[in-house]
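Text of protein-v3.pdb, listed as PDB, C-alpha atoms:
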```pdb
ATOM      1  CA  MET A 111     -44.647-161.425 152.642
ATOM      2  CA  LYS A 112     -46.664-163.969 154.673
ATOM      3  CA  LYS A 113     -49.701-161.714 154.427
ATOM      4  CA  LEU A 114     -49.374-161.551 150.613
ATOM      5  CA  LEU A 115     -49.100-165.346 150.335
ATOM      6  CA  TYR A 116     -52.121-165.745 152.602
ATOM      7  CA  LEU A 117     -54.241-163.387 150.445
ATOM      8  CA  ALA A 118     -53.096-165.132 147.263
ATOM      9  CA  GLY A 119     -54.090-168.489 148.754
ATOM     10  CA  VAL A 120     -57.530-167.214 149.771
ATOM     11  CA  ALA A 121     -58.059-165.763 146.295
ATOM     12  CA  LEU A 122     -57.048-169.058 144.657
ATOM     13  CA  VAL A 123     -59.407-171.107 146.842
ATOM     14  CA  ALA A 124     -62.291-168.692 146.186
ATOM     15  CA  THR A 125     -61.670-168.824 142.435
ATOM     16  CA  LEU A 126     -61.638-172.633 142.450
ATOM     17  CA  LEU A 127     -64.842-172.849 144.499
ATOM     18  CA  LEU A 128     -66.713-170.346 142.342
ATOM     19  CA  GLY A 129     -65.513-171.950 139.117
ATOM     20  CA  ALA A 130     -66.596-175.424 140.231
ATOM     21  CA  CYS A 131     -70.111-174.275 141.056
ATOM     22  CA  SER A 132     -70.893-171.829 138.298
ATOM     23  CA  SER A 133     -71.432-174.017 135.232
ATOM     24  CA  SER A 134     -73.793-176.637 136.695
ATOM     25  CA  ASP A 135     -75.745-174.093 138.735
ATOM     26  CA  ASP A 136     -76.372-171.965 135.630
ATOM     27  CA  ASP A 137     -77.726-174.979 133.716
ATOM     28  CA  ASP A 138     -80.138-175.868 136.522
ATOM     29  CA  SER A 139     -81.411-172.307 136.839
ATOM     30  CA  ASN A 140     -82.491-172.290 133.174
ATOM     31  CA  GLU A 141     -84.669-175.347 133.773
ATOM     32  CA  ASN A 142     -86.481-173.648 136.637
ATOM     33  CA  LYS A 143     -87.628-170.553 134.759
ATOM     34  CA  GLY A 144     -91.077-171.947 133.914
ATOM     35  CA  ALA A 145     -90.027-173.697 130.716
ATOM     36  CA  SER A 146     -90.794-177.374 130.458
ATOM     37  CA  MET A 147     -89.121-179.365 127.730
ATOM     38  CA  THR A 148     -91.885-182.001 127.892
ATOM     39  CA  PRO A 149     -95.413-181.053 126.840
ATOM     40  CA  LYS A 150     -98.115-181.682 129.397
ATOM     41  CA  GLU A 151    -101.197-183.754 128.722
ATOM     42  CA  GLY A 152    -104.398-181.790 128.216
ATOM     43  CA  THR A 153    -108.121-182.436 128.217
ATOM     44  CA  ASP A 154    -109.057-181.424 124.655
ATOM     45  CA  THR A 155    -111.264-183.824 122.718
ATOM     46  CA  ARG A 156    -110.557-184.589 119.064
ATOM     47  CA  PRO A 157    -112.004-181.659 117.104
ATOM     48  CA  SER A 158    -114.391-182.098 114.198
ATOM     49  CA  TRP A 159    -112.894-179.414 111.968
ATOM     50  CA  VAL A 160    -114.719-179.002 108.650
ATOM     51  CA  VAL A 161    -113.580-176.781 105.789
ATOM     52  CA  SER A 162    -115.848-173.797 105.255
ATOM     53  CA  SER A 163    -117.826-174.594 102.106
ATOM     54  CA  ASP A 164    -117.902-170.998 100.933
ATOM     55  CA  PRO A 165    -115.019-168.822 102.172
ATOM     56  CA  ASP A 166    -115.759-165.081 101.950
ATOM     57  CA  SER A 167    -113.255-164.748  99.133
ATOM     58  CA  GLN A 168    -110.949-167.158  97.412
ATOM     59  CA  ASP A 169    -108.104-167.084  94.903
ATOM     60  CA  ASP A 170    -108.234-169.533  92.037
ATOM     61  CA  TRP A 171    -105.292-171.410  93.568
ATOM     62  CA  PRO A 172    -104.987-172.538  97.173
ATOM     63  CA  MET A 173    -101.944-171.945  99.334
ATOM     64  CA  SER A 174    -100.724-175.550  99.415
ATOM     65  CA  VAL A 175     -98.210-176.388 102.141
ATOM     66  CA  GLN A 176     -96.823-179.400 103.960
ATOM     67  CA  ILE A 177     -96.438-178.942 107.703
ATOM     68  CA  GLY A 178     -94.088-181.327 109.507
ATOM     69  CA  VAL A 179     -94.443-182.486 113.068
ATOM     70  CA  GLN A 180     -92.162-180.439 115.298
ATOM     71  CA  SER A 181     -89.279-182.514 116.662
ATOM     72  CA  ALA A 182     -90.342-181.852 120.286
ATOM     73  CA  LEU A 183     -93.744-183.444 119.522
ATOM     74  CA  LEU A 184     -92.521-186.458 117.502
ATOM     75  CA  PRO A 185     -92.654-188.837 120.507
ATOM     76  CA  TYR A 186     -96.397-188.161 120.741
ATOM     77  CA  VAL A 187     -97.361-188.637 117.063
ATOM     78  CA  SER A 188    -100.274-190.973 116.329
ATOM     79  CA  SER A 189    -102.744-191.722 113.575
ATOM     80  CA  GLY A 190    -105.392-189.743 115.495
ATOM     81  CA  ASP A 191    -103.529-186.435 115.031
ATOM     82  CA  LEU A 192    -105.182-183.673 113.023
ATOM     83  CA  MET A 193    -104.263-180.229 111.709
ATOM     84  CA  CYS A 194    -106.273-177.334 110.356
ATOM     85  CA  ALA A 195    -105.551-173.952 108.807
ATOM     86  CA  MET A 196    -107.832-171.029 109.625
ATOM     87  CA  MET A 197    -108.317-167.537 108.264
ATOM     88  CA  LYS A 198    -110.681-164.959 109.729
ATOM     89  CA  GLY A 199    -111.935-167.585 112.181
ATOM     90  CA  GLU A 200    -112.987-170.018 109.417
ATOM     91  CA  VAL A 201    -111.467-173.444 108.796
ATOM     92  CA  ARG A 202    -109.854-173.361 105.337
ATOM     93  CA  ALA A 203    -108.013-176.715 105.280
ATOM     94  CA  VAL A 204    -107.965-179.908 107.329
ATOM     95  CA  SER A 205    -105.544-182.828 107.158
ATOM     96  CA  GLY A 206    -104.932-186.074 108.940
ATOM     97  CA  LEU A 207    -101.391-187.240 109.591
ATOM     98  CA  LYS A 208     -99.362-188.520 106.620
ATOM     99  CA  GLU A 209     -96.096-190.473 106.732
ATOM    100  CA  THR A 210     -93.498-191.017 104.038
ATOM    101  CA  GLY A 211     -90.143-192.622 104.727
ATOM    102  CA  GLY A 212     -90.417-192.044 108.467
ATOM    103  CA  GLN A 213     -91.272-188.349 108.057
ATOM    104  CA  TYR A 214     -94.614-187.198 109.502
ATOM    105  CA  TYR A 215     -96.486-184.269 107.986
ATOM    106  CA  PHE A 216     -99.859-182.734 107.146
ATOM    107  CA  MET A 217    -100.883-181.608 103.650
ATOM    108  CA  LEU A 218    -102.935-178.402 103.715
ATOM    109  CA  PRO A 219    -104.446-176.893 100.547
ATOM    110  CA  ILE A 220    -105.584-173.632 102.181
ATOM    111  CA  LEU A 221    -108.472-171.820 100.505
ATOM    112  CA  GLY A 222    -108.366-168.058 100.705
ATOM    113  CA  SER A 223    -107.193-164.778  99.301
ATOM    114  CA  SER A 224    -104.186-162.557  99.945
ATOM    115  CA  SER A 225    -106.557-159.797 101.036
ATOM    116  CA  GLU A 226    -107.620-161.921 104.023
ATOM    117  CA  GLY A 227    -104.299-161.723 105.845
ATOM    118  CA  SER A 228    -102.512-164.439 107.731
ATOM    119  CA  VAL A 229    -103.053-168.127 108.324
ATOM    120  CA  THR A 230    -103.463-169.606 111.806
ATOM    121  CA  LEU A 231    -102.515-173.265 112.276
ATOM    122  CA  LYS A 232    -103.999-175.609 114.869
ATOM    123  CA  TYR A 233    -102.547-179.029 115.649
ATOM    124  CA  TYR A 234    -104.465-181.617 117.644
ATOM    125  CA  CYS A 235    -102.160-184.189 119.273
ATOM    126  CA  ASP A 236    -104.292-187.227 120.083
ATOM    127  CA  LYS A 237    -101.854-188.807 122.575
ATOM    128  CA  LEU A 238    -101.602-185.571 124.565
ATOM    129  CA  HIS A 239    -105.274-184.623 124.128
ATOM    130  CA  ARG A 240    -104.173-181.074 123.317
ATOM    131  CA  ILE A 241    -104.706-178.498 120.614
ATOM    132  CA  PHE A 242    -101.596-176.414 119.912
ATOM    133  CA  THR A 243    -102.071-173.112 118.050
ATOM    134  CA  VAL A 244     -99.741-170.858 116.084
ATOM    135  CA  THR A 245    -101.512-167.603 115.298
ATOM    136  CA  ASP A 246    -100.486-165.610 112.209
ATOM    137  CA  TRP A 247     -98.116-168.289 110.919
ATOM    138  CA  LYS A 248     -97.751-166.797 107.416
ATOM    139  CA  GLU A 249     -99.590-164.368 105.191
ATOM    140  CA  PHE A 250    -101.787-166.128 102.626
ATOM    141  CA  ASP A 251     -99.782-166.533  99.419
ATOM    142  CA  SER A 252    -100.922-168.971  96.729
ATOM    143  CA  THR A 253     -97.433-168.836  95.155
ATOM    144  CA  ILE A 254     -95.603-170.034  98.287
ATOM    145  CA  GLN A 255     -93.454-173.137  97.931
ATOM    146  CA  PRO A 256     -95.273-176.168  99.405
ATOM    147  CA  THR A 257     -92.164-177.108 101.398
ATOM    148  CA  ASP A 258     -89.268-175.319 103.040
ATOM    149  CA  GLN A 259     -86.429-176.153 100.637
ATOM    150  CA  GLY A 260     -87.711-179.686 100.067
ATOM    151  CA  THR A 261     -88.807-180.552 103.605
ATOM    152  CA  PRO A 262     -92.130-179.823 105.307
ATOM    153  CA  TYR A 263     -92.304-176.549 107.238
ATOM    154  CA  GLU A 264     -91.582-177.131 110.935
ATOM    155  CA  VAL A 265     -93.908-174.904 112.893
ATOM    156  CA  PRO A 266     -93.049-174.249 116.576
ATOM    157  CA  PHE A 267     -96.313-175.393 118.165
ATOM    158  CA  PHE A 268     -94.625-176.353 121.457
ATOM    159  CA  THR A 269     -92.221-173.754 122.846
ATOM    160  CA  GLY A 270     -91.585-175.336 126.238
ATOM    161  CA  GLU A 271     -93.895-172.911 128.027
ATOM    162  CA  GLU A 272     -97.242-174.089 129.270
TER
END
```
Write-out of the structure in structure tokens:
Amino acid sequence: MKKLLYLAGVALVATLLLGACSSSDDDDSNENKGASMTPKEGTDTRPSWVVSSDPDSQDDWPMSVQIGVQSALLPYVSSGDLMCAMMKGEVRAVSGLKETGGQYYFMLPILGSSSEGSVTLKYYCDKLHRIFTVTDWKEFDSTIQPTDQGTPYEVPFFTGEE
């Protein structure tokens, strides 16, 4: 009987020790897997993006969208920020930062054709001196809604990985 009580006591102590350590240790291990929740400063200079004057092909109507600033990048927003949309390596739209009612966004009337494929977005963050890129964001579609159910599209430029 004493042996059984001893084993039960050891099991109880082990369970308590493991339970006390497991939750906080798991949280810390996720932070150390190469993901940084704060974007690092870069060395990119402000680009001089210019819309291609004669895209290879073009629909009568542009693909007009509003792109919001991703929540992870909001602390770094400034009037020097810039965004462009590209297709087939050509700049098809450029926008400076806009602000309405505390919401920051870029207005992009993208010139192109559905036969050209997808749109790549590039965001220059002036405070971080970095260009963030999302390749193949969406297929060109001149009938797309300009917003995502009334709010600018939030594109994941910063994923926490450098």
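Taking CA of Leu221 in chain A and CA of Cys194 in chain A as endpoints, the distance between them is 11.5 Å.
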Query raised in the report: Just how far from CA of Glu200 in chain A is CA of Trp171 in chain A, in Å to one decimal?
Result: 17.7 Å
Query raised in the report: Using only C-alpha atoms, which residue out of A:Ile241, A:Arg202, A:Glu249, A:Tyr263 lies closest to Pro172 in chain A?
Result: A:Arg202
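Residues lying within 10 Å of (-99.9, -172.1, 100.8). Counted over all atoms listed in the file, they are Trp171, Pro172, Met173, Ser174, Val175, Gln176, Ala195, Met217, Leu218, Pro219, Ile220, Leu221, Gly222, Val229, Lys248, Glu249, Phe250, Asp251, Ser252, Thr253, Ile254, Gln255, Pro256 and Thr257 of chain A.
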Could you take the residues named above and write them with C-alpha atoms, as a JSON list (two decimals), keeping the file's coordinate frame?
```json
[["chain", "number", "residue", "atom", "x", "y", "z"],
["A", 171, "TRP", "CA", -105.29, -171.41, 93.57],
["A", 172, "PRO", "CA", -104.99, -172.54, 97.17],
["A", 173, "MET", "CA", -101.94, -171.94, 99.33],
["A", 174, "SER", "CA", -100.72, -175.55, 99.42],
["A", 175, "VAL", "CA", -98.21, -176.39, 102.14],
["A", 176, "GLN", "CA", -96.82, -179.40, 103.96],
["A", 195, "ALA", "CA", -105.55, -173.95, 108.81],
["A", 217, "MET", "CA", -100.88, -181.61, 103.65],
["A", 218, "LEU", "CA", -102.94, -178.40, 103.72],
["A", 219, "PRO", "CA", -104.45, -176.89, 100.55],
["A", 220, "ILE", "CA", -105.58, -173.63, 102.18],
["A", 221, "LEU", "CA", -108.47, -171.82, 100.50],
["A", 222, "GLY", "CA", -108.37, -168.06, 100.70],
["A", 229, "VAL", "CA", -103.05, -168.13, 108.32],
["A", 248, "LYS", "CA", -97.75, -166.80, 107.42],
["A", 249, "GLU", "CA", -99.59, -164.37, 105.19],
["A", 250, "PHE", "CA", -101.79, -166.13, 102.63],
["A", 251, "ASP", "CA", -99.78, -166.53, 99.42],
["A", 252, "SER", "CA", -100.92, -168.97, 96.73],
["A", 253, "THR", "CA", -97.43, -168.84, 95.16],
["A", 254, "ILE", "CA", -95.60, -170.03, 98.29],
["A", 255, "GLN", "CA", -93.45, -173.14, 97.93],
["A", 256, "PRO", "CA", -95.27, -176.17, 99.40],
["A", 257, "THR", "CA", -92.16, -177.11, 101.40]]
```
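The space between CA of Lys208 in chain A and CA of Gly260 in chain A spans 16.0 Å.
Compared by their closest atoms to Ala203 in chain A, and using only C-alpha atoms, the residues A:Leu238, A:Ala182, A:Tyr215, A:Trp159 rank with A:Trp159 nearest.
Using all atoms listed in the file for every distance, the candidate list A:Glu271, A:Glu151, A:Asp258, A:Asp246 yields A:Asp246 as the residue closest to Ser228 in chain A.
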Selection result of the PyMOL selection byres ((chain A and resi 234) around 9) on this file, as a PDB file with C-alpha atoms, in the coordinates of the input:
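As a result, selection29.pdb now contains:
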```
ATOM      1  CA  ASP A 154    -109.057-181.424 124.655  1.00  0.00           C
ATOM      2  CA  THR A 155    -111.264-183.824 122.718  1.00  0.00           C
ATOM      3  CA  ARG A 156    -110.557-184.589 119.064  1.00  0.00           C
ATOM      4  CA  PRO A 157    -112.004-181.659 117.104  1.00  0.00           C
ATOM      5  CA  GLY A 190    -105.392-189.743 115.495  1.00  0.00           C
ATOM      6  CA  ASP A 191    -103.529-186.435 115.031  1.00  0.00           C
ATOM      7  CA  LEU A 192    -105.182-183.673 113.023  1.00  0.00           C
ATOM      8  CA  MET A 193    -104.263-180.229 111.709  1.00  0.00           C
ATOM      9  CA  CYS A 194    -106.273-177.334 110.356  1.00  0.00           C
ATOM     10  CA  LYS A 232    -103.999-175.609 114.869  1.00  0.00           C
ATOM     11  CA  TYR A 233    -102.547-179.029 115.649  1.00  0.00           C
ATOM     12  CA  CYS A 235    -102.160-184.189 119.273  1.00  0.00           C
ATOM     13  CA  ASP A 236    -104.292-187.227 120.083  1.00  0.00           C
ATOM     14  CA  LEU A 238    -101.602-185.571 124.565  1.00  0.00           C
ATOM     15  CA  HIS A 239    -105.274-184.623 124.128  1.00  0.00           C
ATOM     16  CA  ARG A 240    -104.173-181.074 123.317  1.00  0.00           C
ATOM     17  CA  ILE A 241    -104.706-178.498 120.614  1.00  0.00           C
ATOM     18  CA  PHE A 242    -101.596-176.414 119.912  1.00  0.00           C
ATOM     19  CA  THR A 243    -102.071-173.112 118.050  1.00  0.00           C
TER      20      THR A 243
END
```
Find the smallest box with edges along x, y and z containing every listed atom of range 191-203 of chain A, then add 8 Å on each side and report centre and edge lengths in Å to one decimal, as AutoDock Vina command-line options.
```
--center_x -108.3 --center_y -175.7 --center_z 110.2 --size_x 25.5 --size_y 37.5 --size_z 25.8
```
Requested in this report: Between A:Thr230, A:Thr269, A:Ser158, A:Thr261, single out the one closest to Gly199 in chain A, counting only C-alpha atoms.
Outcome: A:Thr230
Report task. Evaluate the PyMOL selection byres ((chain A and resi 266) around 9) on the structure here and hand back the selected residues as a ChimeraX atom specification. Result -> /A:180,182,244,264-265,267-269
Requested in this report: May I have the residues at most 9 Å from (-93.7, -181.8, 128.6) in the file's coordinates, counting all atoms listed in the file, as a count of residues only?
Outcome: 10
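Evaluated on this file, the PyMOL selection byres ((chain A and resi 214) around 9) matches Ile177, Gly178, Val179, Leu184, Val187, Leu207, Lys208, Glu209, Thr210, Gly211, Gly212, Gln213, Tyr215, Phe216 and Pro262 of chain A.
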